[in-house]
Each structure stands twice: as C-alpha cells, then as structure tokens.
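As structure tokens, the structure follows; a few thoughts come after it.
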Amino acid sequence: MIDVENIRKDFPILSRKVNGKPLVYFDNAATSQTPQQVIDCIVDYYSNYNANIHRGVHSLSQEATDAYEHARQTIQRHFNARYSREIIFTSGATHGINLVASGFSSFLQKGDDILVSALEHHSNIVPWQMLCERTGATLKVIPMNEEGELILPEFDKLLSPKTKLVFVNHISNALGTINPIEYIIEQTHQVSGAVLIDGAQACPHIRPDVQHLDVDFYVASAHKMCGPTGVGILYGKEDWLNKLPPYQGGGEMIAEVTFEKTTYAELPHKFEAGTPNISGGIAFGAAIDYLNTIGFDALAAYENELLDYATQNLLEIEGLKIYGTSPQKTAVISFNLEGIHPYDVGTLLDKMGIAVRTGHHCAQPIMDYFKIPGTVRASFAFYNTKAEIDALVEGVKKAKMMLS
Ligand SMILES: *Cc1c(COP(=O)(O)O)cnc(C)c1O
C-alpha cells in the first residue's frame, strides 16, 4: 500500500503554486519530479567530492569513482543484468538508441530488414531511417489497431531470416500501451535477429528483468524515473557490446593510443568516451533506490487505481474521447474534446495550475493514424492523488464550457 500523503512530502515541488493554484502535475510521461533524497545526493556530490573519475590517484577522485561505480552496480541489480559492465551510462534513452543504431551500420547491408513498431517515439524512428539510408537496409513498420495495440499476426508476417533488428518500446509514451515484448523477443530470436527495447516509459512503472526477458539491448532515461535529466543507461548483452564498434572517440574509451592505431578499453569504458555526467549517474542510482523503497508492485497497483478512477470520470464528460484503450496499459490518458483543439484545453488547464502535455507527443505517426493533430495527455505517477484527478475532471469540464 502507498502512503501518498507521506510520499508527497519527499517532493518539494509538489507544494508550489502555479498561476495562483496548487500545482497538479500530470506530465510525468515527459519527465518525473525529483524527491529530496535525489536532490540531496546531487548537492552532496558537488559539496563534498566533486572530481573527475577513473583518472586521479587522489582521494576525491577515488570517492567519486567509487560512488559512480556503485551506482552502476545498483542499476545492474535493478535490471538484473548478469554483469555491471553490461550497463553503459548514456545521456538518456535517445543516446542509447543512437549508439546501437550507429553500431549496427557495420552489420547491415542491402536486403536486410529492420522492424519498428507503429507506436514509436520519434527518437525511435529517426535513427533507424538514418541507419537504413547508410546501409541500404529496409525499414518495415509493425502496424497497430484502433485500441493502440500492435497487431501480432502482422508482426509474424514481417518477420523473416532477413530481419536483423527489431525495435519496440516497452510502453508507448503517447498511449500508455504495454507491448508484448516477451513474444516479440522470442519470435525475433527464432530468426536470429536482435531486439532493442526502449524502456524509457516502462521503467517508472515496471522493474524489467533483462536476463529473464533475454533481451539484447534495453535503454532507459533517469529523468522519467525520479532521477536527473541528461543521464540514462544502455543495457546490452556482453557478446553484443563486444561486437559493436565504439560510438564516440575520446578519453576514457581507449586502452592505448598511438598515431598508427588505438586499442579500445574494456566494457563498459569502450562506450563511455569523455567525462560523463558523474553526479547524474550517482543520482540515478539514488533514484532507483528511492523507487525500490516504495516498491514497484505497490506503486503500479496504486497508479492503476488512479488510471481507472480518471478513465471513469473523464468518460462521463460528453464528447470526450480517449485514445489508447488497450486493457494492457499504464497510467497515461490521451484524450480530446470533440471539436476543440488540444492546445486550447491544455492552455486553460495550465491557468488552473494543472500541467498536462498537448500535441503529438513525439509520436506523429500515431496521431496520423487517428487523423488528429494531437491529444491532451495526462500521465500519472505514484505521488498523484484522486483529489488531483477530481481537479483535472472539473478543469476539463470548465474548459469545455468556455471553448464550445
Ligand atoms: C522520453 C522517451 C524517450 C526519449 O528519452 P530522452 O531522455 O529524451 O532521451 C524515448 N522513448 C520513449 C518511449 C520516451 O518516452
């Protein structure tokens, strides 16, 4: 069980006002809020042991290195990776995806296929288009249905020995659909393809077990799971990470450099050129510790309760349509009011202190499918309350009256 009133005390931002009204923060799918424990961790780093890692013999550098590597181990345990060297620190999910896309350039040729889902975030589409342009491989799209679910028989048809890489988000950021990644991974392995899962949207709600999933690559961003911006991870199976060429050249990623030849450092350093976001990595570990003290089972159960409550109450408003109606979904509601532009609804809600996202949510193909310019998206976290949802429902009713 979640003690939401106590949890809210951990988040200083939740007690501020916006436009004179108490903040109701329902834009968690864009970025989550940061608990005091994580803020303290960043302050502690800069106040007490700020130093560059892996290089110095001096004490501060040792302390910073230890804390950074400790965070890597926390993350390894959280995702149940076999080795901590399979956890590569990145600047976020986008960086991890680009690292894999760039590495696959050396493995692909004309006649190969890459499959992506119709539910992808732009950061999951563009790198693959670029990869196909570079290599001559073909990008194919796994279609979705009216519910916002992937059509698995169509996926089966697309899959063939030509499939080298499949690429799906664990949970859609625009609709909240939880994709059947177990099935997708299993089937893709049958044809010897690799699978990269974008977990940016899943990791705030689910604790993925990468060994159990048997997934080849998995990416996440800290800032969607109570951590700071500008840091994330790429998990990769050791064999794959050894095969992939380095993404960027620079300090930290080399073993030996002469002008004739450079040999690369061992994992994970091979992929971590330059000075990383040290405080960010350490704080990412603290964010994961924080979430695990609450517990993912408790947090997911509570968020589902919020989702059901909000869905029921919003649907009582005449002319309101929800996009993404799969029974397998997390606490994201994308909706529109008939005949009213989502931007206008979002602007009025902001005046009432309610933060929602409006627009295409970096997932324009989904909007094209529904033939809409965008949606209003309310996304919930474990620190939200039913009273806040009541405020949203009242706000939407008011917006509807003012705009129609
Ligand atoms: C937010 C998000 C991303 C991008 O994450 P960054 O932290 O901006 O790199 C990618 N995929 C999904 C599904 C997301 O929700």
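The way I read the labels, and the way they are meant: chains A, B, ... in the order of the structure tokens, residue 1 as the first residue of every chain, and ligand 1 as the first ligand shown, with later ones counted on from there.
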Item to check | Exercise: region 124-134 of chain A partners within 8 Å, only C-alpha atoms, chain neighbours under 2 positions left out, as a list in words | outcome: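 The contact residues come out as Thr94, Ile97, Asn98, Ala101, Ser102, Phe104, Ser105, Ile114, Val116, Glu120, His121, His122, Gly136, Ala137, Thr138, Leu139, Phe167 and Asp198 of chain A.
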Next on the checklist: I'd like the contact shell of Leu314 (chain A) - 12 Å cut-off, only C-alpha atoms, skipping same-chain residues fewer than 3 positions apart - returned as a list of chain:residue names.
Outcome noted: A:Leu306, A:Leu307, A:Asp308, A:Tyr309, A:Ala310, A:Thr311, A:Ile317, A:Glu318, A:Gly319, A:Leu320, A:Lys321, A:Ile322, A:Ile333, A:Ser334, A:Phe335, A:Asn336, A:Leu337, A:Ala378, A:Ile389, A:Asp390, A:Ala391, A:Leu392, A:Val393, A:Glu394, A:Gly395, A:Val396, A:Lys397
Next on the checklist: Please find the residues contacting ligand 1 at a distance of at most 8 Å between atoms, with only C-alpha atoms and all ligand atoms counted, and report them as a PyMOL selection string.
Outcome noted: chain A and resi 29-31+91-96+120-124+169-174+198-202+220-224+229-232
For the residues in that selection, give me C-alpha atoms as a tab-separated table (two decimals), in the first residue's frame.
chain	number	residue	atom	x	y	z
A	29	ALA	CA	5.47	10.80	-19.04
A	30	ALA	CA	7.56	13.79	-20.21
A	31	THR	CA	9.62	13.97	-17.04
A	91	SER	CA	22.90	10.81	-21.68
A	92	GLY	CA	19.46	9.19	-21.95
A	93	ALA	CA	17.35	6.77	-23.95
A	94	THR	CA	17.91	8.69	-27.19
A	95	HIS	CA	21.68	8.38	-26.84
A	96	GLY	CA	21.44	4.63	-26.16
A	120	GLU	CA	7.28	4.61	-31.57
A	121	HIS	CA	8.60	7.85	-30.20
A	122	HIS	CA	10.43	9.96	-32.84
A	123	SER	CA	13.75	9.17	-31.18
A	124	ASN	CA	12.99	5.56	-32.08
A	169	ASN	CA	9.08	0.47	-26.98
A	170	HIS	CA	8.16	-1.43	-23.86
A	171	ILE	CA	5.38	1.07	-23.15
A	172	SER	CA	4.12	3.71	-25.60
A	173	ASN	CA	4.59	7.25	-24.31
A	174	ALA	CA	1.67	8.59	-26.34
A	198	ASP	CA	13.04	1.30	-25.46
A	199	GLY	CA	12.16	1.20	-21.77
A	200	ALA	CA	12.06	4.97	-21.20
A	201	GLN	CA	8.34	4.88	-20.48
A	202	ALA	CA	8.22	1.49	-18.77
A	220	ALA	CA	16.16	3.89	-20.10
A	221	SER	CA	16.31	7.56	-19.01
A	222	ALA	CA	16.82	8.59	-15.37
A	223	HIS	CA	14.62	11.67	-15.60
A	224	LYS	CA	11.46	9.63	-16.24
A	229	THR	CA	17.93	14.86	-16.71
A	230	GLY	CA	20.82	14.11	-19.04
A	231	VAL	CA	21.62	10.59	-17.87
A	232	GLY	CA	20.38	7.12	-18.74
Next on the checklist: Using only C-alpha atoms, can you tell me which of A:Pro180, A:Pro161, A:Pro365, A:Gly374 comes closest to Lys329 (chain A)?
Outcome noted: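 When distances to Lys329 (chain A) are compared using only C-alpha atoms, the smallest one comes from A:Pro180.
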Next on the checklist: Which residues are near Gly285 (chain A)? Cut-off 9 Å, only C-alpha atoms, ignore same chain within fewer than 4 positions. Put them as a count of residues only.
Outcome noted: 14
Checklist entry - Where does DSSP see strand (DSSP E or B) in region 30-255 of chain A, if you list the residues as a PyMOL selection string? => result chain A and resi 87-90+113-117+138-142+144+150+163-169+171+177-178+194-198+217-221+232-236+254-255
Keeping only N, CA and C atoms, write those residues as a CSV table (one decimal), in the first residue's frame.
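Result saved to result_21.csv:
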chain,number,residue,atom,x,y,z
A,87,ILE,N,26.1,-2.6,-18.3
A,87,ILE,CA,25.4,-1.3,-18.1
A,87,ILE,C,26.3,-0.2,-18.6
A,88,ILE,N,25.9,0.5,-19.7
A,88,ILE,CA,26.6,1.6,-20.2
A,88,ILE,C,25.9,2.9,-19.8
A,89,PHE,N,26.6,3.8,-19.2
A,89,PHE,CA,25.9,5.1,-18.9
A,89,PHE,C,25.9,5.9,-20.2
A,90,THR,N,24.7,6.5,-20.4
A,90,THR,CA,24.5,7.4,-21.6
A,90,THR,C,23.9,8.7,-21.1
A,113,ASP,N,16.4,-6.4,-43.2
A,113,ASP,CA,15.2,-5.6,-42.7
A,113,ASP,C,15.4,-5.2,-41.2
A,114,ILE,N,14.9,-4.0,-41.0
A,114,ILE,CA,14.8,-3.6,-39.6
A,114,ILE,C,13.3,-3.4,-39.3
A,115,LEU,N,12.7,-3.9,-38.3
A,115,LEU,CA,11.3,-3.7,-37.9
A,115,LEU,C,11.2,-2.8,-36.8
A,116,VAL,N,10.3,-1.8,-36.9
A,116,VAL,CA,9.9,-0.9,-35.8
A,116,VAL,C,8.4,-0.9,-35.6
A,117,SER,N,8.0,-0.5,-34.4
A,117,SER,CA,6.5,-0.6,-34.2
A,117,SER,C,5.9,0.8,-34.6
A,138,THR,N,16.1,-2.1,-45.2
A,138,THR,CA,14.8,-1.6,-45.4
A,138,THR,C,14.1,-1.5,-44.0
A,139,LEU,N,13.4,-0.4,-43.8
A,139,LEU,CA,12.7,-0.2,-42.5
A,139,LEU,C,11.2,-0.6,-42.7
A,140,LYS,N,10.7,-1.6,-41.9
A,140,LYS,CA,9.3,-2.0,-42.0
A,140,LYS,C,8.6,-1.7,-40.7
A,141,VAL,N,7.3,-1.4,-40.8
A,141,VAL,CA,6.6,-1.0,-39.6
A,141,VAL,C,5.6,-2.0,-39.2
A,142,ILE,N,5.6,-2.4,-37.9
A,142,ILE,CA,4.6,-3.3,-37.3
A,142,ILE,C,3.3,-2.5,-37.0
A,144,MET,N,-0.5,-1.0,-35.9
A,144,MET,CA,-1.3,-1.1,-34.7
A,144,MET,C,-2.8,-1.1,-35.0
A,150,LEU,N,-0.2,-3.4,-30.9
A,150,LEU,CA,0.5,-3.9,-32.1
A,150,LEU,C,-0.3,-5.1,-32.6
A,163,THR,N,15.3,-10.4,-41.2
A,163,THR,CA,15.2,-9.4,-40.1
A,163,THR,C,16.4,-9.4,-39.2
A,164,LYS,N,17.1,-8.3,-39.2
A,164,LYS,CA,18.4,-8.3,-38.4
A,164,LYS,C,18.1,-7.6,-37.0
A,165,LEU,N,17.1,-6.7,-37.0
A,165,LEU,CA,16.9,-5.9,-35.7
A,165,LEU,C,15.5,-5.6,-35.6
A,166,VAL,N,14.9,-5.7,-34.4
A,166,VAL,CA,13.5,-5.3,-34.1
A,166,VAL,C,13.6,-4.4,-33.0
A,167,PHE,N,12.6,-3.5,-33.0
A,167,PHE,CA,12.8,-2.3,-32.3
A,167,PHE,C,11.5,-1.8,-31.8
A,168,VAL,N,11.2,-1.9,-30.5
A,168,VAL,CA,9.8,-1.7,-30.0
A,168,VAL,C,10.0,-1.0,-28.6
A,169,ASN,N,9.0,0.0,-28.3
A,169,ASN,CA,9.1,0.5,-27.0
A,169,ASN,C,8.3,-0.5,-26.1
A,171,ILE,N,6.7,0.4,-23.4
A,171,ILE,CA,5.4,1.1,-23.2
A,171,ILE,C,5.4,2.3,-24.0
A,177,THR,N,0.2,2.1,-24.0
A,177,THR,CA,0.0,0.6,-24.2
A,177,THR,C,1.3,-0.1,-23.8
A,178,ILE,N,1.1,-1.2,-23.0
A,178,ILE,CA,2.2,-2.1,-22.7
A,178,ILE,C,2.4,-3.1,-23.8
A,194,ALA,N,18.2,-9.5,-33.6
A,194,ALA,CA,18.4,-8.9,-32.3
A,194,ALA,C,17.2,-7.9,-32.0
A,195,VAL,N,17.0,-7.7,-30.7
A,195,VAL,CA,15.9,-6.9,-30.3
A,195,VAL,C,16.4,-5.8,-29.3
A,196,LEU,N,16.0,-4.5,-29.6
A,196,LEU,CA,16.3,-3.4,-28.7
A,196,LEU,C,15.0,-2.9,-28.2
A,197,ILE,N,14.8,-2.9,-26.9
A,197,ILE,CA,13.6,-2.4,-26.3
A,197,ILE,C,13.9,-1.0,-25.7
A,198,ASP,N,13.0,0.0,-26.0
A,198,ASP,CA,13.0,1.3,-25.5
A,198,ASP,C,12.2,1.3,-24.2
A,217,PHE,N,19.2,-5.6,-26.2
A,217,PHE,CA,19.5,-4.3,-25.7
A,217,PHE,C,18.3,-3.7,-25.1
A,218,TYR,N,18.5,-2.8,-24.1
A,218,TYR,CA,17.4,-2.2,-23.4
A,218,TYR,C,17.9,-0.8,-23.0
A,219,VAL,N,17.1,0.3,-23.2
A,219,VAL,CA,17.5,1.6,-22.8
A,219,VAL,C,16.5,2.2,-21.9
A,220,ALA,N,17.0,3.2,-21.0
A,220,ALA,CA,16.2,3.9,-20.1
A,220,ALA,C,16.8,5.3,-19.8
A,221,SER,N,15.9,6.2,-19.4
A,221,SER,CA,16.3,7.6,-19.0
A,221,SER,C,16.0,7.8,-17.5
A,232,GLY,N,21.2,8.3,-18.5
A,232,GLY,CA,20.4,7.1,-18.7
A,232,GLY,C,21.3,5.9,-18.9
A,233,ILE,N,20.7,4.8,-19.3
A,233,ILE,CA,21.6,3.6,-19.5
A,233,ILE,C,21.2,2.9,-20.8
A,234,LEU,N,22.2,2.2,-21.3
A,234,LEU,CA,22.0,1.2,-22.3
A,234,LEU,C,22.5,-0.1,-21.7
A,235,TYR,N,21.5,-1.0,-21.6
A,235,TYR,CA,22.0,-2.4,-21.2
A,235,TYR,C,22.2,-3.1,-22.6
A,236,GLY,N,23.3,-3.9,-22.6
A,236,GLY,CA,23.5,-4.7,-23.8
A,236,GLY,C,24.1,-6.1,-23.3
A,254,ILE,N,39.8,4.4,-24.4
A,254,ILE,CA,40.9,3.8,-25.1
A,254,ILE,C,41.7,3.0,-24.1
A,255,ALA,N,42.5,2.0,-24.7
A,255,ALA,CA,43.4,1.3,-23.8
A,255,ALA,C,44.8,1.8,-24.1
Extract the full set of alpha helix (DSSP H) residues from region 34-176 of chain A according to DSSP on the backbone, and format it as an mmCIF file with C-alpha atoms, in the first residue's frame.
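Generated output (result22.cif):
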data_model
loop_
_atom_site.group_PDB
_atom_site.id
_atom_site.type_symbol
_atom_site.label_atom_id
_atom_site.label_comp_id
_atom_site.auth_asym_id
_atom_site.auth_seq_id
_atom_site.Cartn_x
_atom_site.Cartn_y
_atom_site.Cartn_z
ATOM 1 C CA GLN A 36 14.569 15.314 -1.844
ATOM 2 C CA GLN A 37 16.703 12.156 -1.467
ATOM 3 C CA VAL A 38 17.891 12.513 -5.077
ATOM 4 C CA ILE A 39 18.336 16.294 -4.826
ATOM 5 C CA ASP A 40 20.427 15.751 -1.653
ATOM 6 C CA CYS A 41 22.581 13.234 -3.470
ATOM 7 C CA ILE A 42 23.464 15.799 -6.166
ATOM 8 C CA VAL A 43 24.148 18.519 -3.590
ATOM 9 C CA ASP A 44 26.321 16.111 -1.598
ATOM 10 C CA SER A 59 41.162 10.756 -2.675
ATOM 11 C CA LEU A 60 38.346 12.832 -4.124
ATOM 12 C CA SER A 61 38.714 11.145 -7.479
ATOM 13 C CA GLN A 62 38.639 7.738 -5.774
ATOM 14 C CA GLU A 63 35.498 8.655 -3.857
ATOM 15 C CA ALA A 64 33.765 9.912 -6.985
ATOM 16 C CA THR A 65 34.812 6.798 -8.933
ATOM 17 C CA ASP A 66 33.562 4.524 -6.150
ATOM 18 C CA ALA A 67 30.202 6.289 -5.979
ATOM 19 C CA TYR A 68 29.799 6.211 -9.762
ATOM 20 C CA GLU A 69 30.640 2.512 -9.988
ATOM 21 C CA HIS A 70 28.421 1.795 -7.006
ATOM 22 C CA ALA A 71 25.549 3.414 -8.914
ATOM 23 C CA ARG A 72 26.318 1.212 -11.914
ATOM 24 C CA GLN A 73 26.005 -1.839 -9.643
ATOM 25 C CA THR A 74 22.717 -0.580 -8.198
ATOM 26 C CA ILE A 75 21.425 -0.254 -11.746
ATOM 27 C CA GLN A 76 22.779 -3.684 -12.698
ATOM 28 C CA ARG A 77 20.923 -5.291 -9.781
ATOM 29 C CA HIS A 78 17.764 -3.357 -10.542
ATOM 30 C CA PHE A 79 17.640 -4.585 -14.147
ATOM 31 C CA ALA A 93 17.347 6.766 -23.952
ATOM 32 C CA THR A 94 17.909 8.686 -27.190
ATOM 33 C CA HIS A 95 21.678 8.381 -26.840
ATOM 34 C CA GLY A 96 21.439 4.633 -26.162
ATOM 35 C CA ILE A 97 19.291 4.079 -29.242
ATOM 36 C CA ASN A 98 21.678 6.073 -31.425
ATOM 37 C CA LEU A 99 24.642 4.145 -30.046
ATOM 38 C CA VAL A 100 23.077 0.839 -31.112
ATOM 39 C CA ALA A 101 21.880 2.227 -34.476
ATOM 40 C CA SER A 102 25.311 3.555 -35.258
ATOM 41 C CA GLY A 103 26.970 0.281 -34.264
ATOM 42 C CA PHE A 104 24.654 -1.745 -36.477
ATOM 43 C CA VAL A 126 14.741 8.707 -36.985
ATOM 44 C CA PRO A 127 17.955 6.814 -36.052
ATOM 45 C CA TRP A 128 16.650 3.745 -37.937
ATOM 46 C CA GLN A 129 15.770 5.776 -41.000
ATOM 47 C CA MET A 130 19.301 7.177 -40.927
ATOM 48 C CA LEU A 131 20.723 3.679 -40.491
ATOM 49 C CA CYS A 132 18.728 2.414 -43.481
ATOM 50 C CA GLU A 133 19.966 5.301 -45.613
ATOM 51 C CA ARG A 134 23.562 4.463 -44.699
ATOM 52 C CA THR A 135 23.322 0.714 -45.245
ATOM 53 C CA LEU A 152 0.965 -9.521 -33.766
ATOM 54 C CA PRO A 153 -0.103 -11.593 -36.816
ATOM 55 C CA GLU A 154 1.218 -8.713 -38.959
ATOM 56 C CA PHE A 155 4.471 -8.797 -36.998
ATOM 57 C CA ASP A 156 4.714 -12.555 -37.633
ATOM 58 C CA LYS A 157 4.299 -11.907 -41.356
ATOM 59 C CA LEU A 158 7.032 -9.261 -41.442
#
Next on the checklist: Just checking: using only C-alpha atoms, which residue out of A:Ala273, A:Ala399, A:Val24, A:Ala81 ends up closest to Asp209 (chain A)?
Outcome noted: A:Ala81
Checklist entry - Smallest atom-to-atom distance to Gly346 (chain A): which of A:His205, A:Lys162, A:Lys400, A:His269, using only C-alpha atoms? => result A:Lys400
